[in-house]
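Have a look at model_14.txt; it's compact mmCIF, C-alpha atoms:
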# COMPACT_ATOMS: atom_id res chain seq x y z
CA MET F 1167 -154.23 102.63 27.84
CA LEU F 1168 -156.98 100.38 29.27
CA LYS F 1169 -157.53 96.66 28.96
CA GLU F 1170 -160.65 94.59 29.67
CA LYS F 1171 -160.32 91.69 32.11
CA TYR F 1172 -162.99 88.94 32.50
CA THR F 1173 -163.19 87.19 35.87
CA GLY F 1174 -165.98 84.72 35.08
CA LYS F 1175 -168.69 83.56 32.70
CA ASN F 1176 -171.28 86.16 33.72
CA SER F 1177 -168.90 88.70 35.17
CA VAL F 1178 -168.69 92.39 34.33
CA PRO F 1179 -165.57 93.52 32.45
CA ILE F 1180 -163.16 95.49 34.59
CA GLU F 1181 -160.82 98.09 33.11
CA LEU F 1182 -157.23 97.88 34.40
CA PRO F 1183 -154.33 100.18 33.44
CA LEU F 1184 -151.27 98.69 31.66
CA LEU F 1185 -148.05 99.30 33.56
CA PHE F 1186 -145.00 100.46 31.61
CA VAL F 1187 -141.79 99.66 33.50
CA SER F 1188 -139.28 100.72 30.85
CA ASN F 1189 -137.46 103.52 32.62
CA LYS F 1190 -133.84 104.36 33.26
CA ARG F 1191 -133.81 102.41 36.50
CA ASN F 1192 -134.68 99.13 34.81
CA MET F 1193 -133.14 99.66 31.38
CA ALA F 1194 -129.69 101.09 30.75
CA PRO F 1195 -126.90 100.49 28.25
CA ARG F 1196 -124.18 98.09 29.27
CA HIS F 1197 -120.88 99.41 30.65
CA GLY F 1198 -117.47 98.51 29.32
CA HIS F 1199 -116.45 97.39 25.84
CA LEU F 1200 -116.49 93.59 25.45
CA GLY F 1201 -113.83 93.82 22.75
CA PHE F 1202 -111.20 94.70 25.35
CA GLY F 1203 -111.64 91.60 27.48
CA PRO F 1204 -110.07 89.87 29.25
CA ARG F 1205 -108.45 92.81 31.00
CA LYS F 1206 -105.16 91.18 31.88
CA ARG F 1207 -101.52 91.99 31.26
CA THR F 1208 -100.42 91.60 27.67
CA ARG F 1209 -98.10 88.77 26.70
CA SER F 1210 -95.93 90.95 24.49
CA HIS F 1211 -94.29 94.14 25.69
CA ARG F 1212 -93.86 95.21 22.06
CA GLY F 1213 -97.12 95.97 20.27
CA ARG F 1214 -97.74 93.14 17.81
CA VAL F 1215 -99.33 93.85 14.45
CA LYS F 1216 -102.37 91.61 13.99
CA ALA F 1217 -103.46 93.04 10.61
CA TYR F 1218 -101.65 94.70 7.72
CA PRO F 1219 -102.96 96.92 4.90
CA LYS F 1220 -104.36 95.17 1.85
CA ASP F 1221 -101.65 94.31 -0.67
CA ASP F 1222 -101.62 96.03 -4.06
CA ALA F 1223 -99.31 94.50 -6.65
CA LYS F 1224 -99.42 97.66 -8.79
CA LYS F 1225 -97.48 99.65 -6.18
CA PRO F 1226 -93.71 99.33 -5.69
CA VAL F 1227 -92.42 97.07 -2.91
CA HIS F 1228 -92.50 98.85 0.45
CA LEU F 1229 -92.53 98.19 4.20
CA THR F 1230 -95.76 98.65 6.13
CA ALA F 1231 -94.57 99.19 9.74
CA PHE F 1232 -91.75 100.54 11.88
CA LEU F 1233 -90.63 100.63 15.52
CA GLY F 1234 -89.82 103.67 17.62
CA TYR F 1235 -89.46 104.78 21.24
CA LYS F 1236 -91.75 107.25 22.97
CA ALA F 1237 -89.79 110.33 24.03
CA GLY F 1238 -92.44 112.71 25.34
CA MET F 1239 -94.98 115.37 24.45
CA THR F 1240 -95.08 119.06 23.60
CA HIS F 1241 -97.48 121.37 21.78
CA VAL F 1242 -97.58 123.19 18.47
CA VAL F 1243 -99.40 126.20 17.05
CA ARG F 1244 -100.74 126.06 13.50
CA ASP F 1245 -103.39 127.56 11.23
CA LEU F 1246 -106.40 125.31 10.77
CA GLU F 1247 -107.29 124.61 7.12
CA ARG F 1248 -110.83 123.28 7.40
CA PRO F 1249 -113.42 125.07 5.23
CA GLY F 1250 -116.82 125.18 6.90
CA SER F 1251 -115.41 125.13 10.42
CA LYS F 1252 -115.65 128.15 12.70
CA MET F 1253 -111.90 127.81 13.34
CA HIS F 1254 -111.00 127.90 9.63
CA LYS F 1255 -107.92 130.08 8.99
CA LYS F 1256 -107.48 130.58 12.75
CA GLU F 1257 -104.65 129.52 15.03
CA VAL F 1258 -105.10 126.36 17.11
CA VAL F 1259 -102.88 124.85 19.80
CA GLU F 1260 -102.54 121.08 19.64
CA ALA F 1261 -100.71 118.50 21.73
CA VAL F 1262 -98.19 116.30 19.89
CA THR F 1263 -96.12 113.25 20.79
CA VAL F 1264 -92.48 112.81 19.74
CA ILE F 1265 -91.43 109.24 18.93
CA GLU F 1266 -87.73 108.64 18.34
CA ALA F 1267 -87.25 106.13 15.52
CA PRO F 1268 -83.61 105.30 14.72
CA ALA F 1269 -83.01 103.40 11.51
CA MET F 1270 -83.87 99.68 11.64
CA VAL F 1271 -81.76 96.87 10.18
CA ILE F 1272 -83.25 94.06 8.07
CA VAL F 1273 -81.74 90.71 9.05
CA GLY F 1274 -84.13 88.10 7.64
CA VAL F 1275 -87.16 87.18 5.56
CA VAL F 1276 -90.11 84.86 6.27
CA GLY F 1277 -92.47 83.30 3.72
CA TYR F 1278 -96.07 82.38 4.55
CA VAL F 1279 -98.46 80.06 2.72
CA GLU F 1280 -102.24 80.31 2.97
CA THR F 1281 -104.07 77.39 4.58
CA PRO F 1282 -107.74 76.85 5.52
CA ARG F 1283 -106.74 77.79 9.08
CA GLY F 1284 -104.87 80.96 8.16
CA LEU F 1285 -101.23 81.71 7.36
CA ARG F 1286 -98.47 79.18 8.05
CA SER F 1287 -94.78 80.02 7.88
CA LEU F 1288 -92.98 77.97 5.24
CA THR F 1289 -89.36 78.92 5.88
CA THR F 1290 -87.13 81.63 7.32
CA VAL F 1291 -83.88 82.95 5.85
CA TRP F 1292 -81.47 84.97 8.00
CA ALA F 1293 -78.67 87.32 7.00
CA GLU F 1294 -75.05 86.29 7.34
CA HIS F 1295 -74.14 88.76 10.07
CA LEU F 1296 -76.23 89.90 13.04
CA SER F 1297 -75.20 92.69 15.38
CA GLU F 1298 -74.64 92.08 19.07
CA GLU F 1299 -77.75 94.00 20.10
CA ALA F 1300 -79.84 91.70 17.88
CA LYS F 1301 -78.21 88.53 19.23
CA ARG F 1302 -78.94 89.66 22.78
CA ARG F 1303 -82.65 89.16 22.01
CA PHE F 1304 -82.08 85.38 21.84
CA TYR F 1305 -80.52 85.16 25.33
CA LYS F 1306 -81.83 85.55 28.83
CA ASN F 1307 -78.36 86.20 30.23
CA TRP F 1308 -75.93 87.53 27.62
CA TYR F 1309 -73.08 87.96 30.09
CA ARG F 1310 -72.94 84.29 31.11
CA SER F 1311 -73.70 82.84 27.67
CA LYS F 1312 -71.21 81.49 25.15
CA LYS F 1313 -72.48 83.93 22.51
CA LYS F 1314 -72.61 81.25 19.82
CA ALA F 1315 -75.96 82.24 18.28
CA PHE F 1316 -76.07 82.00 14.46
CA THR F 1317 -72.42 80.86 14.18
CA GLN F 1318 -73.43 77.60 12.49
CA TYR F 1319 -76.06 79.32 10.37
CA ALA F 1320 -73.50 81.82 9.06
CA ALA F 1321 -71.46 78.90 7.72
CA LYS F 1322 -74.18 78.36 5.09
CA TYR F 1323 -72.90 81.45 3.31
CA ALA F 1324 -69.40 79.98 2.97
CA ASP F 1325 -69.81 77.70 -0.03
CA GLY F 1326 -71.72 79.93 -2.42
CA ALA F 1327 -74.83 80.13 -0.20
CA LYS F 1328 -76.56 77.25 -2.02
CA ASP F 1329 -78.87 76.48 0.90
CA ILE F 1330 -79.83 80.15 1.22
CA THR F 1331 -80.63 80.41 -2.48
CA ARG F 1332 -82.73 77.24 -2.37
CA GLU F 1333 -84.86 78.52 0.53
CA LEU F 1334 -85.40 81.87 -1.20
CA GLU F 1335 -86.57 80.04 -4.32
CA ARG F 1336 -89.03 78.05 -2.18
CA ILE F 1337 -90.50 81.30 -0.88
CA LYS F 1338 -90.87 82.62 -4.44
CA LYS F 1339 -92.60 79.42 -5.58
CA TYR F 1340 -95.01 78.61 -2.76
CA CYS F 1341 -95.59 81.67 -0.55
CA SER F 1342 -98.26 84.33 -0.88
CA VAL F 1343 -97.15 86.62 1.98
CA VAL F 1344 -93.58 87.82 2.52
CA ARG F 1345 -92.38 89.57 5.68
CA VAL F 1346 -88.93 90.79 6.61
CA ILE F 1347 -87.34 90.42 10.04
CA ALA F 1348 -85.92 93.71 11.29
CA HIS F 1349 -84.49 94.94 14.57
CA THR F 1350 -84.10 98.35 16.12
CA GLN F 1351 -80.77 99.99 16.84
CA ILE F 1352 -81.54 100.62 20.46
CA SER F 1353 -77.98 101.78 21.16
CA LYS F 1354 -78.65 104.89 19.07
CA ALA F 1355 -81.65 105.76 21.22
CA LYS F 1356 -79.38 106.17 24.27
CA LEU F 1357 -81.56 103.97 26.46
CA HIS F 1358 -80.31 101.85 29.32
CA GLN F 1359 -81.43 98.68 27.55
CA ARG F 1360 -78.97 97.04 25.16
CA LYS F 1361 -81.22 94.29 23.79
CA ALA F 1362 -82.76 95.28 20.46
CA HIS F 1363 -86.44 94.77 19.66
CA LEU F 1364 -87.06 92.27 16.87
CA THR F 1365 -90.18 92.27 14.70
CA GLU F 1366 -91.69 91.05 11.45
CA ILE F 1367 -92.77 93.67 8.91
CA GLN F 1368 -94.92 92.73 5.96
CA LEU F 1369 -93.85 93.70 2.44
CA ASN F 1370 -96.63 95.07 0.22
CA GLY F 1371 -96.55 95.92 -3.47
CA GLY F 1372 -95.01 94.15 -6.42
CA SER F 1373 -94.93 90.41 -7.09
CA ILE F 1374 -93.68 87.70 -4.73
CA GLU F 1375 -90.38 87.50 -6.65
CA GLN F 1376 -89.88 91.25 -6.31
CA LYS F 1377 -90.60 91.11 -2.59
CA VAL F 1378 -88.07 88.34 -2.00
CA ASP F 1379 -85.45 90.15 -4.09
CA PHE F 1380 -86.15 93.35 -2.15
CA ALA F 1381 -85.63 91.56 1.16
CA ARG F 1382 -82.44 89.84 -0.03
CA GLU F 1383 -80.97 93.11 -1.31
CA HIS F 1384 -81.65 94.85 2.01
CA PHE F 1385 -80.03 92.21 4.23
CA GLU F 1386 -77.85 93.93 6.88
CA LYS F 1387 -78.89 97.36 5.54
CA GLU F 1388 -80.60 100.20 7.34
CA VAL F 1389 -84.14 101.36 6.65
CA THR F 1390 -85.22 104.81 7.83
CA VAL F 1391 -88.63 105.87 9.02
CA GLY F 1392 -88.72 108.59 6.37
CA SER F 1393 -88.64 105.96 3.63
CA ILE F 1394 -91.85 104.36 4.93
CA PHE F 1395 -93.98 107.25 6.19
CA GLU F 1396 -94.33 110.86 5.11
CA GLN F 1397 -95.70 114.08 6.55
CA ASN F 1398 -99.50 114.55 6.65
CA GLU F 1399 -100.00 110.77 6.52
CA ASN F 1400 -102.47 109.06 8.86
CA ILE F 1401 -100.95 106.05 10.61
CA ASP F 1402 -101.91 103.61 13.37
CA ILE F 1403 -100.14 103.24 16.70
CA ILE F 1404 -99.87 99.83 18.41
CA ALA F 1405 -98.44 99.86 21.92
CA THR F 1406 -98.83 98.61 25.47
CA THR F 1407 -100.53 101.07 27.79
CA LYS F 1408 -99.02 102.32 31.02
CA GLY F 1409 -99.44 99.74 33.78
CA HIS F 1410 -101.16 100.56 37.08
CA GLY F 1411 -101.14 97.11 38.70
CA PHE F 1412 -103.99 95.39 40.55
CA GLU F 1413 -106.56 98.01 41.50
CA GLY F 1414 -109.96 98.11 43.12
CA VAL F 1415 -113.32 98.85 41.55
CA THR F 1416 -112.97 102.62 41.77
CA ALA F 1417 -109.20 102.70 41.23
CA LEU F 1418 -108.94 104.58 44.53
CA GLY F 1419 -107.94 103.14 47.90
CA THR F 1420 -109.37 104.77 51.02
CA HIS F 1421 -110.20 102.16 53.65
CA ARG F 1422 -110.64 98.42 53.71
CA GLY F 1423 -114.29 97.68 53.09
CA LEU F 1424 -115.20 101.04 51.59
CA ARG F 1425 -115.57 102.02 47.92
CA LYS F 1426 -116.76 98.63 46.74
CA VAL F 1427 -119.69 97.37 44.70
CA ALA F 1428 -122.36 96.82 47.35
CA CYS F 1429 -124.45 94.17 45.61
CA ILE F 1430 -122.59 91.86 43.28
CA GLY F 1431 -125.66 89.98 42.08
CA ALA F 1432 -128.97 88.30 42.89
CA TRP F 1433 -129.46 85.08 44.87
CA HIS F 1434 -130.07 83.23 41.63
CA PRO F 1435 -128.31 82.66 39.32
CA SER F 1436 -125.97 81.76 42.17
CA ARG F 1437 -122.81 83.16 40.64
CA VAL F 1438 -121.22 86.51 39.99
CA MET F 1439 -121.93 87.74 36.47
CA TYR F 1440 -119.06 88.83 34.27
CA SER F 1441 -120.63 92.28 33.88
CA VAL F 1442 -120.30 93.11 37.59
CA ALA F 1443 -117.43 95.47 38.33
CA ARG F 1444 -114.67 93.76 40.29
CA ALA F 1445 -111.11 94.51 41.31
CA GLY F 1446 -108.36 93.46 38.92
CA GLN F 1447 -105.61 94.49 36.55
CA ARG F 1448 -105.60 98.05 35.23
CA GLY F 1449 -103.27 99.07 32.44
CA TYR F 1450 -100.46 97.26 30.62
CA HIS F 1451 -102.90 96.22 27.90
CA ARG F 1452 -102.17 96.07 24.18
CA ARG F 1453 -104.06 98.83 22.39
CA THR F 1454 -104.28 100.07 18.80
CA GLU F 1455 -104.99 103.75 18.08
CA ILE F 1456 -105.93 104.62 14.51
CA ASN F 1457 -105.65 107.79 12.44
CA LYS F 1458 -102.69 109.47 14.11
CA LYS F 1459 -101.63 112.27 11.78
CA ILE F 1460 -97.92 112.83 11.21
CA TYR F 1461 -96.99 116.48 11.73
CA ARG F 1462 -93.25 116.18 11.13
CA ILE F 1463 -90.48 113.69 10.32
CA ALA F 1464 -86.95 114.96 10.91
CA ASN F 1465 -83.64 114.21 12.60
CA GLY F 1466 -83.15 115.32 16.19
CA ALA F 1467 -79.50 116.16 15.58
CA ASP F 1468 -80.49 118.71 12.94
CA ALA F 1469 -80.13 122.23 14.32
CA LYS F 1470 -83.43 123.19 12.64
CA SER F 1471 -85.46 120.11 13.60
CA GLY F 1472 -87.69 122.22 15.87
CA THR F 1473 -87.72 125.34 13.71
CA THR F 1474 -90.61 126.47 11.53
CA GLU F 1475 -90.66 128.98 8.70
CA TYR F 1476 -92.09 131.55 11.14
CA ASP F 1477 -89.27 131.16 13.69
CA LEU F 1478 -86.46 133.71 13.92
CA THR F 1479 -84.14 131.46 15.93
CA GLU F 1480 -82.85 128.01 15.11
CA LYS F 1481 -83.61 125.25 17.62
CA THR F 1482 -83.82 121.48 17.80
CA ILE F 1483 -86.88 119.47 18.73
CA ASN F 1484 -85.44 118.83 22.22
CA PRO F 1485 -86.92 120.98 25.00
CA MET F 1486 -84.59 122.69 27.44
CA GLY F 1487 -83.20 120.01 29.73
CA GLY F 1488 -84.39 117.24 27.40
CA PHE F 1489 -87.58 115.23 27.56
CA PRO F 1490 -88.34 114.26 31.18
CA HIS F 1491 -87.43 110.63 31.95
CA TYR F 1492 -86.08 110.19 28.43
CA GLY F 1493 -83.30 112.61 27.52
CA LEU F 1494 -82.30 114.07 24.17
CA VAL F 1495 -83.59 112.96 20.78
CA ASN F 1496 -80.57 112.76 18.45
CA GLU F 1497 -81.92 110.36 15.80
CA ASP F 1498 -84.84 110.39 13.39
CA PHE F 1499 -88.18 111.12 15.02
CA VAL F 1500 -91.87 111.20 14.14
CA MET F 1501 -94.16 113.88 15.56
CA ILE F 1502 -97.78 112.73 15.69
CA LYS F 1503 -100.92 114.55 16.73
CA GLY F 1504 -102.29 113.89 20.22
CA GLY F 1505 -101.26 111.39 22.85
CA CYS F 1506 -99.93 107.89 22.51
CA ALA F 1507 -100.27 104.73 24.58
CA GLY F 1508 -97.39 103.73 26.82
CA SER F 1509 -94.88 105.30 29.16
CA LYS F 1510 -91.63 107.05 28.30
CA LYS F 1511 -88.98 104.88 26.60
CA ARG F 1512 -91.61 102.29 25.64
CA VAL F 1513 -91.31 100.68 22.22
CA ILE F 1514 -94.07 101.84 19.86
CA THR F 1515 -95.17 100.11 16.65
CA LEU F 1516 -96.06 102.47 13.80
CA ARG F 1517 -98.21 100.88 11.09
CA LYS F 1518 -99.59 102.15 7.82
CA SER F 1519 -103.33 102.78 7.93
CA LEU F 1520 -105.61 99.92 6.92
CA THR F 1521 -108.02 102.21 5.07
CA VAL F 1522 -107.77 104.75 2.27
CA HIS F 1523 -108.54 108.20 3.67
CA THR F 1524 -110.70 110.59 1.64
CA SER F 1525 -112.09 113.05 4.21
CA ARG F 1526 -110.96 116.67 4.20
CA ARG F 1527 -109.80 116.34 7.79
CA ALA F 1528 -107.52 113.41 6.87
CA LEU F 1529 -106.18 115.10 3.71
CA GLU F 1530 -105.43 118.43 5.43
CA GLN F 1531 -101.92 119.73 4.83
CA ILE F 1532 -100.18 120.56 8.10
CA SER F 1533 -97.88 123.56 8.48
CA CYS F 1534 -96.73 124.29 12.03
CA LYS F 1535 -96.13 127.92 12.96
CA PHE F 1536 -94.53 127.19 16.33
CA ILE F 1537 -93.20 124.15 18.19
CA ASP F 1538 -92.76 124.60 21.93
CA THR F 1539 -89.29 123.66 23.24
CA SER F 1540 -89.51 125.18 26.71
CA SER F 1541 -88.62 123.04 29.70
CA LYS F 1542 -91.14 120.26 30.36
CA PHE F 1543 -89.89 119.82 33.91
CA GLY F 1544 -91.84 122.68 35.46
CA HIS F 1545 -93.15 125.94 34.03
CA GLY F 1546 -90.72 126.65 31.21
CA ARG F 1547 -90.32 130.29 30.18
CA PHE F 1548 -87.60 130.14 27.54
CA GLN F 1549 -87.38 128.29 24.24
CA THR F 1550 -83.58 128.11 24.04
CA ALA F 1551 -80.59 128.49 26.36
CA ALA F 1552 -79.47 131.57 24.38
CA GLU F 1553 -82.86 133.21 24.97
CA LYS F 1554 -82.60 132.52 28.71
CA HIS F 1555 -79.07 133.95 28.85
CA GLN F 1556 -80.17 137.06 27.00
CA PHE F 1557 -83.00 137.66 29.47
CA MET F 1558 -81.26 136.66 32.70
CA GLY F 1559 -77.85 138.08 31.89
CA THR F 1560 -74.62 136.69 33.28
CA LEU F 1561 -75.27 134.68 36.42
CA LYS F 1562 -72.92 133.85 39.28
CA LYS F 1563 -72.71 130.22 38.19
CA ASP F 1564 -71.52 131.31 34.74
CA LEU F 1565 -68.47 133.11 36.12
Go ahead and express the file in the form of C-alpha cells.
Amino acid sequence: MLKEKYTGKNSVPIELPLLFVSNKRNMAPRHGHLGFGPRKRTRSHRGRVKAYPKDDAKKPVHLTAFLGYKAGMTHVVRDLERPGSKMHKKEVVEAVTVIEAPAMVIVGVVGYVETPRGLRSLTTVWAEHLSEEAKRRFYKNWYRSKKKAFTQYAAKYADGAKDITRELERIKKYCSVVRVIAHTQISKAKLHQRKAHLTEIQLNGGSIEQKVDFAREHFEKEVTVGSIFEQNENIDIIATTKGHGFEGVTALGTHRGLRKVACIGAWHPSRVMYSVARAGQRGYHRRTEINKKIYRIANGADAKSGTTEYDLTEKTINPMGGFPHYGLVNEDFVMIKGGCAGSKKRVITLRKSLTVHTSRRALEQISCKFIDTSSKFGHGRFQTAAEKHQFMGTLKKDL
C-alpha cells in the first residue's frame, strides 16, 4: 500500500510504503491468568466454599457440601457410552481419585440476613454436646488446656432450653440463608491428626422454617456422603494444592545467576511491571475444580467395594499394601474421575455443582468393568493377596 507525502508548496508527491509492525515479536497474548493472583499461600488449609448452588424452595431440604480426605489414585476400565465419538462402545482406561469421607456430625446452625454489603450472620446455635475431636479445633494446645470449651453454653439446655428456642425462632423470622456447622470424624480416617475439621454447609430446599427444623433435628447426628451425592453426579472440588515453597522463575535451580529473566523491564517506566516473571511462592494455593464426575460411592470396609459385575473375585477398594502415604480406606469413600488438588491426607471439600448439567457427556451413566487394586508402591502384578499366593506358591516366609 502506498501513500503520498508532500514536502512543500510546489513539491512533487513522493510515494512511501506503509510499514506494518504487527508480528509475533511485537504482539503476543499475555501469560498467566490474572484471576489466580496474588500467588501466595492460602490463609485456610481447608478449602472454603465461596459460592453455593442456587436455592430452590420446591426441593426437599438437603446439604450442599461435604468434607473428605484424599487417599490416592488408581485407574478403571469401562465402556464409553458416547454416541458420535470414535470410542463409542469401546473400552477406555481412566485415572480416578479415591477420597475417604467418613460420616460428618452436625453440631450447630447459623442464620444469615441479607444486607446491602452481602450476608451478615445474625446468630449461631450450638448443640448440647460436642465430641473431643471437635473441641480440639478451638484450642492451640489441647494437652495443657483446661478443656472447658462449651461447658457454660451446655448449661442453656438445662432449664428447658428457652434461650436455644428463642434464637432458633429469630433465625426463622429474620434470616434468608441457613447453614449448619458440621465437623469431620477424623479419628475414623486413621490419620495422625486428632483435631477435627469444622465447616459451614449451606442448606438448600424448603422454607426457612423447614431448614431450621432440619438442622435442629440433626444436632449431634451423623450425615453420610451417600445422602448428599450420588453416582454419575458432577460435583466441584475445592482444595489447597500441593505446596512447593519459594521457587525461581523456571522452578529449577542450577546455579546462582543462571536461569533468570534477563531483562525485567525498560528504563522507563522506572519500575518492574507486575507481568514480568519473578521468583516467588509456588503451590499451596486454594483452587476449585469443577465437573468432577462421581464413578462410585461405597464403604471401604465392604468386601465388594472394589468389585465390579465383571469381576470373578471379591476385593476391596484398597490396593495391595494400602494407598501409599495414606493407608487403608475403611470408611465411606467417593471415587471421582481424574486427579484432585492437594497431597495425600489433605482435607478436600466436595460441593454440589453450581450449574444444571444437560450435555450428554455430563449425563453419561458410568459402569466400571475393572478397578485396579494392584500395589501402587512399585509395579504391582497382582490384584489380591490370594492371587499372589496362587501364582507364587508357598514361600519361605510363609512357613
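Using all atoms listed in the file for every distance, the candidate list F:Asn1370, F:Thr1515, F:Thr1208, F:Thr1240 yields F:Thr1240 as the residue closest to Ala1261 in chain F.
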Find the spatial neighbours of Ile1401 in chain F, counting all atoms listed in the file, within a cut-off of 7 Å - ignore same-chain residues fewer than 3 positions away - and output them as number ranges by chain.
F: 1456-1459, 1516-1519
Just write the chosen residues, C-alpha atoms, as an mmCIF file, in the coordinates of the input.
data_model
loop_
_atom_site.group_PDB
_atom_site.id
_atom_site.type_symbol
_atom_site.label_atom_id
_atom_site.label_comp_id
_atom_site.auth_asym_id
_atom_site.auth_seq_id
_atom_site.Cartn_x
_atom_site.Cartn_y
_atom_site.Cartn_z
ATOM 1 C CA ILE F 1456 -105.930 104.620 14.510
ATOM 2 C CA ASN F 1457 -105.650 107.790 12.440
ATOM 3 C CA LYS F 1458 -102.690 109.470 14.110
ATOM 4 C CA LYS F 1459 -101.630 112.270 11.780
ATOM 5 C CA LEU F 1516 -96.060 102.470 13.800
ATOM 6 C CA ARG F 1517 -98.210 100.880 11.090
ATOM 7 C CA LYS F 1518 -99.590 102.150 7.820
ATOM 8 C CA SER F 1519 -103.330 102.780 7.930
#
Using CA of Arg1453 in chain F and CA of Gln1351 in chain F as the two end points, give the distance in Å to one decimal.
24.0 Å
Per residue of range 1210-1274 of chain F within 12 Å of range 1501-1504 of chain F, what are the shortest atom pair and its distance in Å to one decimal, counting all atoms listed in the file, with rows by chain and residue number, as CSV?
residue,atom,partner,partner_atom,distance
F:Gly1234,CA,F:Met1501,CA,11.3
F:Tyr1235,CA,F:Met1501,CA,11.7
F:Lys1236,CA,F:Met1501,CA,10.2
F:Ala1237,CA,F:Met1501,CA,10.2
F:Gly1238,CA,F:Met1501,CA,10.0
F:Met1239,CA,F:Gly1504,CA,8.6
F:Thr1240,CA,F:Gly1504,CA,9.5
F:His1241,CA,F:Gly1504,CA,9.0
F:Val1242,CA,F:Lys1503,CA,9.4
F:Val1243,CA,F:Lys1503,CA,11.8
F:Arg1244,CA,F:Lys1503,CA,12.0
F:Val1259,CA,F:Lys1503,CA,10.9
F:Glu1260,CA,F:Gly1504,CA,7.2
F:Ala1261,CA,F:Gly1504,CA,5.1
F:Val1262,CA,F:Lys1503,CA,4.5
F:Thr1263,CA,F:Ile1502,CA,5.4
F:Val1264,CA,F:Met1501,CA,4.6
F:Ile1265,CA,F:Met1501,CA,6.4
F:Glu1266,CA,F:Met1501,CA,8.7
F:Ala1267,CA,F:Met1501,CA,10.4
Name the residues in contact with Phe1232 in chain F at a cut-off of 12 Å, using only C-alpha atoms, excluding same-chain residues fewer than 3 positions from it; report them as a PyMOL selection string.
chain F and resi 1212-1215+1228-1229+1235+1265-1272+1346-1350+1363-1369+1389-1395+1401-1404+1499-1500+1513-1518
CA of Phe1536 in chain F to CA of Glu1475 in chain F: how many Å, to one decimal?
8.7 Å
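Proximity to His1491 in chain F was assessed for F:Lys1542, F:Leu1478, F:Asp1564, F:Lys1224 counting all atoms listed in the file; the smallest distance is recorded for F:Lys1542.
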Fewer than 6 positions away in the same chain doesn't count, so skip those; otherwise give me all residues within 12 Å of Cys1429 in chain F, counting only C-alpha atoms, as an NGL selection string.
:F and (1438-1439 or 1442-1444)
Export, as a tab-separated table (two decimals), keeping the file's coordinate frame, the selected residues with C-alpha atoms.
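Dumped to again.tsv:
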chain	number	residue	atom	x	y	z
F	1438	VAL	CA	-121.22	86.51	39.99
F	1439	MET	CA	-121.93	87.74	36.47
F	1442	VAL	CA	-120.30	93.11	37.59
F	1443	ALA	CA	-117.43	95.47	38.33
F	1444	ARG	CA	-114.67	93.76	40.29
Please produce, as CSV, a per-residue contact table for range 1372-1452 of chain F versus range 1276-1286 of chain F (criterion: any atom at most 12 Å away, only C-alpha atoms considered), showing the nearest atom pair and its distance in Å to one decimal, sorted by chain then residue number.
residue,atom,partner,partner_atom,distance
F:Ile1374,CA,F:Gly1277,CA,9.6
F:Glu1375,CA,F:Gly1277,CA,11.4
F:Lys1377,CA,F:Gly1277,CA,10.2
F:Val1378,CA,F:Gly1277,CA,8.8
F:Ala1381,CA,F:Val1276,CA,9.5
F:Arg1382,CA,F:Val1276,CA,11.1
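All polymer residues at most 12 Å from (-80.5, 101.7, 25.3), using all atoms listed in the file, appear as Tyr1235, Pro1268, Glu1299, Thr1350, Gln1351, Ile1352, Ser1353, Lys1354, Ala1355, Lys1356, Leu1357, His1358, Gln1359, Arg1360, Lys1361, Ala1362, His1363, Tyr1492, Gly1493, Lys1511, Arg1512 and Val1513 of chain F.
Residue nearest Asn1400 in chain F, chosen from F:Arg1248, F:His1451, F:Arg1527, F:Lys1314 and counting only C-alpha atoms: F:Arg1527.
The coordinates place CA of His1199 in chain F at 19.2 Å from CA of His1410 in chain F.
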